[in-house]
Amino acid sequence: MITTIKKRVFEILEGSIHDKSSRICEIFIASLVVANVVAIILESVHSLHEEYEHVFHLFDMFSVALFSAEYILRVWSYAEKYTREDGGAWRGRKEYIFSFYGFIDFFGTMPFYAQLLFPGLDLRVLRIFRLMRIFKLSRYNSALTDLAEAIKAERDSFTSAMFLLLISCLLCSSLIYIAEGHLQPDVFPSIPATMKWFILTIISGWGNVDPVSIFGVVLVVLTQVLAIALAAILTGVVATAYTTQVERREAVYETQIREALADGIITGEEAEHLEKLKSQFGMSDEQVEAIAQQVRAEKKLQAAPKAA
């Protein structure tokens, strides 16, 4: 009986395409996360915080109670993820507790309990931890996972671009310090301080400092051009990697469809597996239908010579 309940809880929380209860649970948790983020933002408004402090506090208590229950149920039910031969309950629970989502679920409720144990903690720091609840939404959307996988796949190119940024930072900062350090000692007192200015210039487009010497003007112009070039390189690397990841995802789905249509019939189990992949990859119905039509068309062309 307990095992059946545990398995059912795992199915609901883990998510099933054709399970209405799982879908309702997913929508409820996602809505609660969004409401929490909105509440945290509004709570930072001083006038609203003073007038509705008790409302914010009650809503936070309500949210923490539900998120804590969710965390405990996930730890408890993840025992059903693996059979005893595959590692058993401990493997499933350990996998969740030390996973990205496990940490997010834990730190999403931790500020409330930390404030109870240590009343003097800075509320601004706690608010930052509470904002981490927004990452719970990534459980129901593959965008962050796709971006991480894309960067991981193109880590060599990304590392090369970051190495160029480091070399440029060291070289330009040293030259600007030599050219402007004695003229503007308050702005460029040292190479590390100049490196800070360089990073700000790269990020924001201007370091809010006007050079005095002609050589300094030339270096600042070169830094601006370099900032644009490096930004374009990094953007291009990430964009290309993300596009490749999407294409790889579609290729995996197409392979699964080909395997399912190999015997000409898609069983209920195969259909459910394809539906899970569709949800996991965040693919639209149009994308899935286009891939399916392409596979069917190819099978018809292959079957035509045999019929002739």
# chains A, B, ... in the order shown; residues from 1 in each chain; ligands from 1
$ select_by_dssp --residues "range 111-235 of chain A" --states "helix (DSSP H, G or I)" --output "ChimeraX atom specification"
/A:111-117,123-140,143-153,155-180,191-204,214-235
$ write_last_selection --atoms "C-alpha atoms" --output "mmCIF file, in the first residue's frame"
data_model
loop_
_atom_site.group_PDB
_atom_site.id
_atom_site.type_symbol
_atom_site.label_atom_id
_atom_site.label_comp_id
_atom_site.auth_asym_id
_atom_site.auth_seq_id
_atom_site.Cartn_x
_atom_site.Cartn_y
_atom_site.Cartn_z
ATOM 1 C CA PRO A 111 15.615 31.480 4.174
ATOM 2 C CA PHE A 112 12.362 31.112 6.134
ATOM 3 C CA TYR A 113 13.845 28.582 8.556
ATOM 4 C CA ALA A 114 17.134 30.475 8.739
ATOM 5 C CA GLN A 115 15.271 33.607 9.803
ATOM 6 C CA LEU A 116 13.498 31.632 12.539
ATOM 7 C CA LEU A 117 16.788 30.258 13.846
ATOM 8 C CA LEU A 123 16.536 40.431 5.022
ATOM 9 C CA ARG A 124 18.067 41.567 1.733
ATOM 10 C CA VAL A 125 20.284 38.469 1.656
ATOM 11 C CA LEU A 126 17.304 36.252 2.478
ATOM 12 C CA ARG A 127 15.303 37.891 -0.303
ATOM 13 C CA ILE A 128 18.002 36.919 -2.796
ATOM 14 C CA PHE A 129 17.734 33.276 -1.707
ATOM 15 C CA ARG A 130 13.945 33.453 -1.928
ATOM 16 C CA LEU A 131 14.255 34.711 -5.506
ATOM 17 C CA MET A 132 15.984 31.430 -6.331
ATOM 18 C CA ARG A 133 12.498 29.918 -6.370
ATOM 19 C CA ILE A 134 12.171 31.250 -9.903
ATOM 20 C CA PHE A 135 14.575 28.494 -11.006
ATOM 21 C CA LYS A 136 11.953 25.945 -10.009
ATOM 22 C CA LEU A 137 10.198 26.892 -13.249
ATOM 23 C CA SER A 138 13.126 25.496 -15.242
ATOM 24 C CA ARG A 139 11.929 22.035 -14.177
ATOM 25 C CA TYR A 140 8.986 22.540 -16.537
ATOM 26 C CA ALA A 143 15.430 26.493 -22.006
ATOM 27 C CA LEU A 144 18.054 26.681 -19.238
ATOM 28 C CA THR A 145 19.041 23.050 -19.754
ATOM 29 C CA ASP A 146 19.405 23.618 -23.492
ATOM 30 C CA LEU A 147 21.566 26.702 -22.909
ATOM 31 C CA ALA A 148 23.803 24.843 -20.435
ATOM 32 C CA GLU A 149 24.151 21.891 -22.809
ATOM 33 C CA ALA A 150 24.895 24.248 -25.692
ATOM 34 C CA ILE A 151 27.697 25.992 -23.783
ATOM 35 C CA LYS A 152 29.035 22.629 -22.619
ATOM 36 C CA ALA A 153 29.065 21.310 -26.191
ATOM 37 C CA ARG A 155 33.131 24.776 -24.328
ATOM 38 C CA ASP A 156 36.335 24.817 -26.398
ATOM 39 C CA SER A 157 35.161 27.777 -28.489
ATOM 40 C CA PHE A 158 33.757 29.487 -25.414
ATOM 41 C CA THR A 159 37.023 28.948 -23.519
ATOM 42 C CA SER A 160 39.008 30.378 -26.443
ATOM 43 C CA ALA A 161 36.817 33.494 -26.487
ATOM 44 C CA MET A 162 37.232 33.952 -22.735
ATOM 45 C CA PHE A 163 41.002 33.505 -23.115
ATOM 46 C CA LEU A 164 41.026 36.287 -25.712
ATOM 47 C CA LEU A 165 39.080 38.465 -23.295
ATOM 48 C CA LEU A 166 41.643 37.793 -20.532
ATOM 49 C CA ILE A 167 44.612 38.595 -22.786
ATOM 50 C CA SER A 168 42.916 41.773 -24.016
ATOM 51 C CA CYS A 169 42.097 42.823 -20.458
ATOM 52 C CA LEU A 170 45.683 42.403 -19.257
ATOM 53 C CA LEU A 171 47.229 44.108 -22.297
ATOM 54 C CA CYS A 172 44.845 47.054 -22.622
ATOM 55 C CA SER A 173 44.704 47.685 -18.869
ATOM 56 C CA SER A 174 48.476 47.785 -18.612
ATOM 57 C CA LEU A 175 48.815 50.174 -21.571
ATOM 58 C CA ILE A 176 46.055 52.489 -20.327
ATOM 59 C CA TYR A 177 47.626 52.533 -16.868
ATOM 60 C CA ILE A 178 50.967 53.532 -18.396
ATOM 61 C CA ALA A 179 49.341 56.229 -20.537
ATOM 62 C CA GLU A 180 46.829 57.655 -18.041
ATOM 63 C CA ILE A 191 46.634 47.972 -13.044
ATOM 64 C CA PRO A 192 43.915 46.043 -11.104
ATOM 65 C CA ALA A 193 41.844 49.246 -10.875
ATOM 66 C CA THR A 194 42.334 49.794 -14.616
ATOM 67 C CA MET A 195 41.265 46.188 -15.249
ATOM 68 C CA LYS A 196 38.053 46.960 -13.385
ATOM 69 C CA TRP A 197 37.499 49.939 -15.671
ATOM 70 C CA PHE A 198 38.202 47.733 -18.714
ATOM 71 C CA ILE A 199 35.626 45.110 -17.630
ATOM 72 C CA LEU A 200 33.023 47.822 -17.027
ATOM 73 C CA THR A 201 33.756 49.246 -20.468
ATOM 74 C CA ILE A 202 33.366 45.806 -22.069
ATOM 75 C CA ILE A 203 30.054 45.189 -20.289
ATOM 76 C CA SER A 204 28.430 48.618 -20.436
ATOM 77 C CA ILE A 214 46.223 61.305 -27.133
ATOM 78 C CA PHE A 215 47.625 57.819 -26.583
ATOM 79 C CA GLY A 216 44.897 57.261 -23.985
ATOM 80 C CA VAL A 217 42.220 58.326 -26.475
ATOM 81 C CA VAL A 218 43.561 55.845 -29.035
ATOM 82 C CA LEU A 219 43.621 53.062 -26.458
ATOM 83 C CA VAL A 220 40.065 53.803 -25.312
ATOM 84 C CA VAL A 221 38.837 53.750 -28.918
ATOM 85 C CA LEU A 222 40.600 50.425 -29.461
ATOM 86 C CA THR A 223 39.028 49.125 -26.253
ATOM 87 C CA GLN A 224 35.577 50.113 -27.514
ATOM 88 C CA VAL A 225 36.150 48.337 -30.825
ATOM 89 C CA LEU A 226 37.521 45.320 -28.991
ATOM 90 C CA ALA A 227 34.503 45.275 -26.703
ATOM 91 C CA ILE A 228 32.174 45.131 -29.704
ATOM 92 C CA ALA A 229 34.261 42.398 -31.341
ATOM 93 C CA LEU A 230 34.436 40.238 -28.206
ATOM 94 C CA ALA A 231 30.735 40.682 -27.542
ATOM 95 C CA ALA A 232 30.027 39.596 -31.128
ATOM 96 C CA ILE A 233 32.309 36.565 -30.767
ATOM 97 C CA LEU A 234 30.733 35.425 -27.489
ATOM 98 C CA THR A 235 27.226 36.032 -28.823
#
$ closest_residue --among "A:Ser44, A:Ser77, A:Ser68, A:Ser63" --to "Arg8 in chain A" --atoms "only C-alpha atoms"
A:Ser77
$ closest_residue --among "A:Asp105, A:Glu154, A:Glu286, A:Glu11" --to "Ala239 in chain A" --atoms "only C-alpha atoms"
A:Glu154
$ closest_residue --among "A:Leu301, A:Gly88, A:His46, A:Tyr71" --to "Tyr101 in chain A" --atoms "only C-alpha atoms"
A:Tyr71
$ residues_around --residues "range 90-93 of chain A" --least-positions-apart "5" --cutoff "10 Å" --atoms "only C-alpha atoms" --output "PyMOL selection string"
chain A and resi 74-84+98-99+102
